[in-house]
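Colleague: Sharing a structure here in C-alpha cells format.
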Amino acid sequence: MKVKVAVVQDAPAFFDKESTLQKVVRIAEQQAQAGCELIVFPESFIPGYPRGFSFGATIGSRTDEGREHYADYYNNSLDLESEDLTRLEQLSKEQDIYMVIGITEKQQTNGSLYCSMIYLSPTEGLLGVHRKIKPTGTERLVWAEAGAESLVTFDTKIGKLGGLICWENYMPLARMSMYLKGVEIYIAPTADSRDQWTATMQQIALEGRCFVLGCNQYMTASMYPDKYKDEVANQDENFCPGGSVIVSPLGKIIAGPLFNEAGVLVTELDLEDIKRSKLDFDVIGHYARNDIFDFNVKGQPNLKKE
C-alpha cells in the first residue's frame with residue numbers, strides 16, 4: 001500500500017488560536033487537493049511553541065507580566081471538549097484526510113496545560129491524544145506531565161500510526177513502547193531545529209524499521225506580536241529554522257531536511273518497504289531476544305483499531 005503524506009513546516013499566527021485554526025484549514029485543503037492522505041503539523045502549532053519565553057519566572061519569583069503572558073497562552077490553547085475539535089473533525093471529514101496536529105491543550109477540569117498531538121480520522125473523528133510525558137527543561141513551567149495512558153497508537157486504513165513529541169524521542173523506553181505496537185508511520189513533531197535532529201530521525205527509522213515524519217515550525221523572532229517581543233529580545237532572528245524531514249525504514253532521507261523557509265514536504269510512502277527492511281533487523285521480532293529481556297509499560301493502552 002502506498003500513502004501520500006504532507007509534513008508542514010510553517011509558523012502559526014502566534015498565540016492566536018482562531019487565526020491559526022484558519023491557517024490549518026487552508027493548508028489542509030491545499031494538501032488534500034494535491035492528493036495527500038495524511039498531513040502532519042508541528043509541535044504546539046496551535047497556538048504556537050513559546051520559544052524564548054521565560055513567562056517572567058525565575059527560581060523563587062514570578063512577574064505580573066509573565067502571568068499575563070501565561071493567561072494569553074492558556075486562553076488561546078485548544079480545548080478538546082469545545083467546538084474547536086468539532087471544526088477540526090469536520091475538516092478531516094470534508095477533505096477526506098487524516099491529520100496529526102501539535103497543540104497546547106487546556107482542560108476544563110484544571111488550569112494546567114499539556115503539550116499534545118491529536119490524531120484525526122476522516123471517518124472516525126478524534127482517534128486519540130498523545131500528551132507529552134516529559135516536558136523538557138523549562139517547558140515544565142507551562143506544561144504538565146502525562147502518564148502511560150498517553151502512549152497511544154492507531155491501526156488505520158493508511159497504516160499503523162504513533163509517535164512521540166520532541167525530546168521524548170530521546171527516551172529509549174518510550175520509543176520501545178511505540179515499536180511494540182508495530183508502528184509503521186512514526187510521527188515526531190518537534191521544536192528542535194538543530195542539524196543533529198536529522199540524525200535522531202534517521203536513528204529512529206533504522207531502529208524501529210518504520211517511516212519517520214519529523215515536523216518542525218519555521219519561526220523567526222520578528223514574527224512574534226509586538227506585545228511579546230521582550231520575551232525574544234535576546235534571541236537570534238532566525239531562531240527556529242525548521243529541519244522537517246521524512247525518513248525511510250532503512251534510515252534514508254526521502255524528503256528534506258527543510259531549513260530556513262516555510263514549506264510542505266510531500267512524498268509517497270510504500271508501506272511494503274517496512275517488510276523489506278525487516279529482513280535483517282526487527283526490533284520486536286528476531287532481534288528482540290525475549291528470552292533475556294522483559295519489557296512492560298504500565299498503563300499503556302493496546303493498539304487501537306479504527
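All residue names refer to the C-alpha cells as shown: chains lettered A, B, ... in order, residues numbered from 1 in each chain, ligands numbered from 1 in order.
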Within 6 Å of range 36-49 of chain A, counting only C-alpha atoms, which residues qualify if same-chain residues fewer than 3 places away don't, as a ChimeraX atom specification?

Modeller: /A:4-8,12,14-17,31-32,77,97-104,189-190,215-217

Colleague: Using backbone DSSP assignments, extract all strand (DSSP E) residues from range 9-145 of chain A; output them as a PyMOL selection string.

Modeller: chain A and resi 9+38-40+57-58+61-62+78-79+98-106+113-121+125-131

Colleague: Near Tyr70 in chain A, counting only C-alpha atoms, which residues have an atom at most 10 Å away, once you skip same-chain residues fewer than 2 positions from it, shown as a list of chain:residue names?

Modeller: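 Surrounding residues, per the criterion: A:Phe53, A:Ser54, A:Phe55, A:Gly56, A:Asp64, A:Glu65, A:Gly66, A:Arg67, A:Glu68, A:Asp72, A:Tyr73, A:Tyr74, A:Asn75, A:Asn76, A:Val142.
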
Colleague: Within 7 Å of Gly242 in chain A, counting only C-alpha atoms, which residues show up once you throw out same-chain ones fewer than 6 positions away? Write them as an MDAnalysis selection string, please.

Modeller: chainID A and resid 9 193 216:218 258:260

Colleague: Quick one: pull the distance between CA of Gly159 in chain A and CA of Cys115 in chain A, Å, one decimal.

Modeller: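 That distance, rounded to one decimal, is 24.3 Å.
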
Colleague: Out of A:Gly111, A:Gly137, A:Gly182, A:Gly263, which residue has the shortest atom-to-atom distance to Val245 in chain A when counting only C-alpha atoms?

Modeller: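 With only C-alpha atoms as the atom set, the closest residue is A:Gly263.
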
Colleague: Find the distance between CA of Arg87 in chain A and CA of Ala146 in chain A and write it in Å to one decimal.

Modeller: 25.1 Å

Colleague: Between A:Ser112, A:Tyr179, A:Pro225, A:Ala205, which residue has the minimum interatomic distance to Ala13 in chain A, considering only C-alpha atoms?

Modeller: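 Smallest separation from Ala13 in chain A among the options: A:Pro225.
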
Colleague: So that I can check the surroundings of Glu29 in chain A, please list as a ChimeraX atom specification every protein, DNA and RNA residue that reaches within 9 Å of it, counting only C-alpha atoms and ignoring chain neighbours fewer than 5 positions away.

Modeller: /A:24,34,91,95

Colleague: From the options A:Ala262, A:Glu268, A:Tyr119, A:Gly214, which residue's atoms come nearest to Val3 in chain A, counting only C-alpha atoms?

Modeller: A:Glu268

Colleague: Hey, can you check how far CA of Ile118 in chain A sits from CA of Val25 in chain A?

Modeller: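 Separating CA of Ile118 in chain A from CA of Val25 in chain A is a distance of 15.3 Å.
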
Colleague: Just checking: using only C-alpha atoms, which residue out of A:Gly52, A:Asp79, A:Ile27, A:Arg194 ends up closest to Ala221 in chain A?

Modeller: A:Gly52

Colleague: Run DSSP on the backbone and tell me which residues of range 96-279 of chain A come out as alpha helix (DSSP H); list them as a PyMOL selection string.

Modeller: chain A and resi 172-179+195-208+272-277

Colleague: Would you mind exporting the chosen residues as a tab-separated table (two decimals), in the first residue's frame, restricted to N, CA and C atoms?

Modeller:
chain	number	residue	atom	x	y	z
A	172	PRO	N	14.68	6.02	25.31
A	172	PRO	CA	14.67	4.71	24.65
A	172	PRO	C	13.44	3.87	24.99
A	173	LEU	N	13.01	3.90	26.25
A	173	LEU	CA	11.89	3.06	26.63
A	173	LEU	C	10.57	3.59	26.06
A	174	ALA	N	10.46	4.90	25.92
A	174	ALA	CA	9.27	5.47	25.29
A	174	ALA	C	9.21	5.06	23.82
A	175	ARG	N	10.37	5.10	23.14
A	175	ARG	CA	10.40	4.65	21.75
A	175	ARG	C	9.99	3.18	21.65
A	176	MET	N	10.53	2.37	22.57
A	176	MET	CA	10.22	0.94	22.52
A	176	MET	C	8.73	0.69	22.73
A	177	SER	N	8.09	1.54	23.52
A	177	SER	CA	6.65	1.40	23.73
A	177	SER	C	5.88	1.60	22.43
A	178	MET	N	6.43	2.42	21.54
A	178	MET	CA	5.82	2.60	20.23
A	178	MET	C	6.11	1.42	19.32
A	179	TYR	N	7.35	0.97	19.30
A	179	TYR	CA	7.73	-0.13	18.41
A	179	TYR	C	6.92	-1.39	18.71
A	195	ASP	N	20.88	20.61	13.41
A	195	ASP	CA	21.25	19.64	12.40
A	195	ASP	C	21.23	18.22	12.96
A	196	GLN	N	21.58	18.09	14.25
A	196	GLN	CA	21.65	16.77	14.87
A	196	GLN	C	20.30	16.07	14.91
A	197	TRP	N	19.21	16.84	14.87
A	197	TRP	CA	17.88	16.25	14.94
A	197	TRP	C	17.64	15.31	13.76
A	198	THR	N	18.20	15.66	12.62
A	198	THR	CA	18.06	14.80	11.44
A	198	THR	C	18.61	13.41	11.73
A	199	ALA	N	19.77	13.35	12.39
A	199	ALA	CA	20.35	12.06	12.74
A	199	ALA	C	19.45	11.28	13.69
A	200	THR	N	18.78	11.98	14.60
A	200	THR	CA	17.85	11.32	15.51
A	200	THR	C	16.71	10.68	14.74
A	201	MET	N	16.17	11.39	13.77
A	201	MET	CA	15.07	10.85	12.97
A	201	MET	C	15.52	9.62	12.18
A	202	GLN	N	16.75	9.65	11.68
A	202	GLN	CA	17.27	8.50	10.95
A	202	GLN	C	17.48	7.30	11.88
A	203	GLN	N	17.98	7.57	13.09
A	203	GLN	CA	18.19	6.50	14.06
A	203	GLN	C	16.87	5.81	14.40
A	204	ILE	N	15.81	6.60	14.62
A	204	ILE	CA	14.52	6.02	14.99
A	204	ILE	C	13.98	5.17	13.84
A	205	ALA	N	14.12	5.66	12.61
A	205	ALA	CA	13.66	4.90	11.46
A	205	ALA	C	14.39	3.56	11.35
A	206	LEU	N	15.71	3.60	11.51
A	206	LEU	CA	16.51	2.38	11.45
A	206	LEU	C	16.18	1.42	12.60
A	207	GLU	N	16.01	1.99	13.78
A	207	GLU	CA	15.76	1.18	14.97
A	207	GLU	C	14.38	0.54	14.93
A	208	GLY	N	13.38	1.35	14.57
A	208	GLY	CA	12.00	0.86	14.59
A	208	GLY	C	11.56	0.24	13.28
A	272	GLU	N	5.18	-1.37	1.88
A	272	GLU	CA	5.89	-2.63	1.65
A	272	GLU	C	7.36	-2.50	2.00
A	273	ASP	N	7.88	-1.27	1.99
A	273	ASP	CA	9.28	-1.05	2.36
A	273	ASP	C	9.55	-1.47	3.80
A	274	ILE	N	8.52	-1.42	4.64
A	274	ILE	CA	8.69	-1.83	6.04
A	274	ILE	C	8.99	-3.32	6.12
A	275	LYS	N	8.25	-4.11	5.36
A	275	LYS	CA	8.50	-5.56	5.35
A	275	LYS	C	9.89	-5.85	4.79
A	276	ARG	N	10.26	-5.16	3.72
A	276	ARG	CA	11.57	-5.38	3.12
A	276	ARG	C	12.70	-5.07	4.10
A	277	SER	N	12.48	-4.04	4.91
A	277	SER	CA	13.53	-3.60	5.83
A	277	SER	C	13.77	-4.57	6.97

Colleague: Which residues come within 10 Å of Thr156 in chain A, counting only C-alpha atoms, excluding same-chain residues fewer than 2 positions away, as an NGL selection string?

Modeller: :A and (98 or 121 or 127 or 153-154 or 158-161 or 304-306)

Colleague: Could you write those residues out with C-alpha atoms, as a JSON list (two decimals), in the first residue's frame?

Modeller:
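Final output, saved to again.json:
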[["chain", "number", "residue", "atom", "x", "y", "z"],
["A", 98, "TYR", "CA", -6.00, 12.07, 8.22],
["A", 121, "SER", "CA", -9.57, 10.35, 11.05],
["A", 127, "LEU", "CA", -8.88, 8.80, 17.30],
["A", 153, "THR", "CA", -1.07, 4.02, 18.67],
["A", 154, "PHE", "CA", -3.70, 3.56, 15.98],
["A", 158, "ILE", "CA", -3.34, 4.16, 5.88],
["A", 159, "GLY", "CA", -1.16, 2.19, 8.29],
["A", 160, "LYS", "CA", -0.34, 1.99, 11.99],
["A", 161, "LEU", "CA", 0.26, 5.48, 13.37],
["A", 304, "LYS", "CA", -6.47, 0.94, 18.86],
["A", 305, "LYS", "CA", -8.16, -0.03, 15.61],
["A", 306, "GLU", "CA", -10.08, 2.46, 13.55]]

Colleague: With distances taken over only C-alpha atoms, which residue among A:Glu89, A:Tyr186, A:Gly147, A:Leu164 lies nearest Ile246 in chain A?

Modeller: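 Checking each candidate against Ile246 in chain A, we get A:Tyr186 as the closest.
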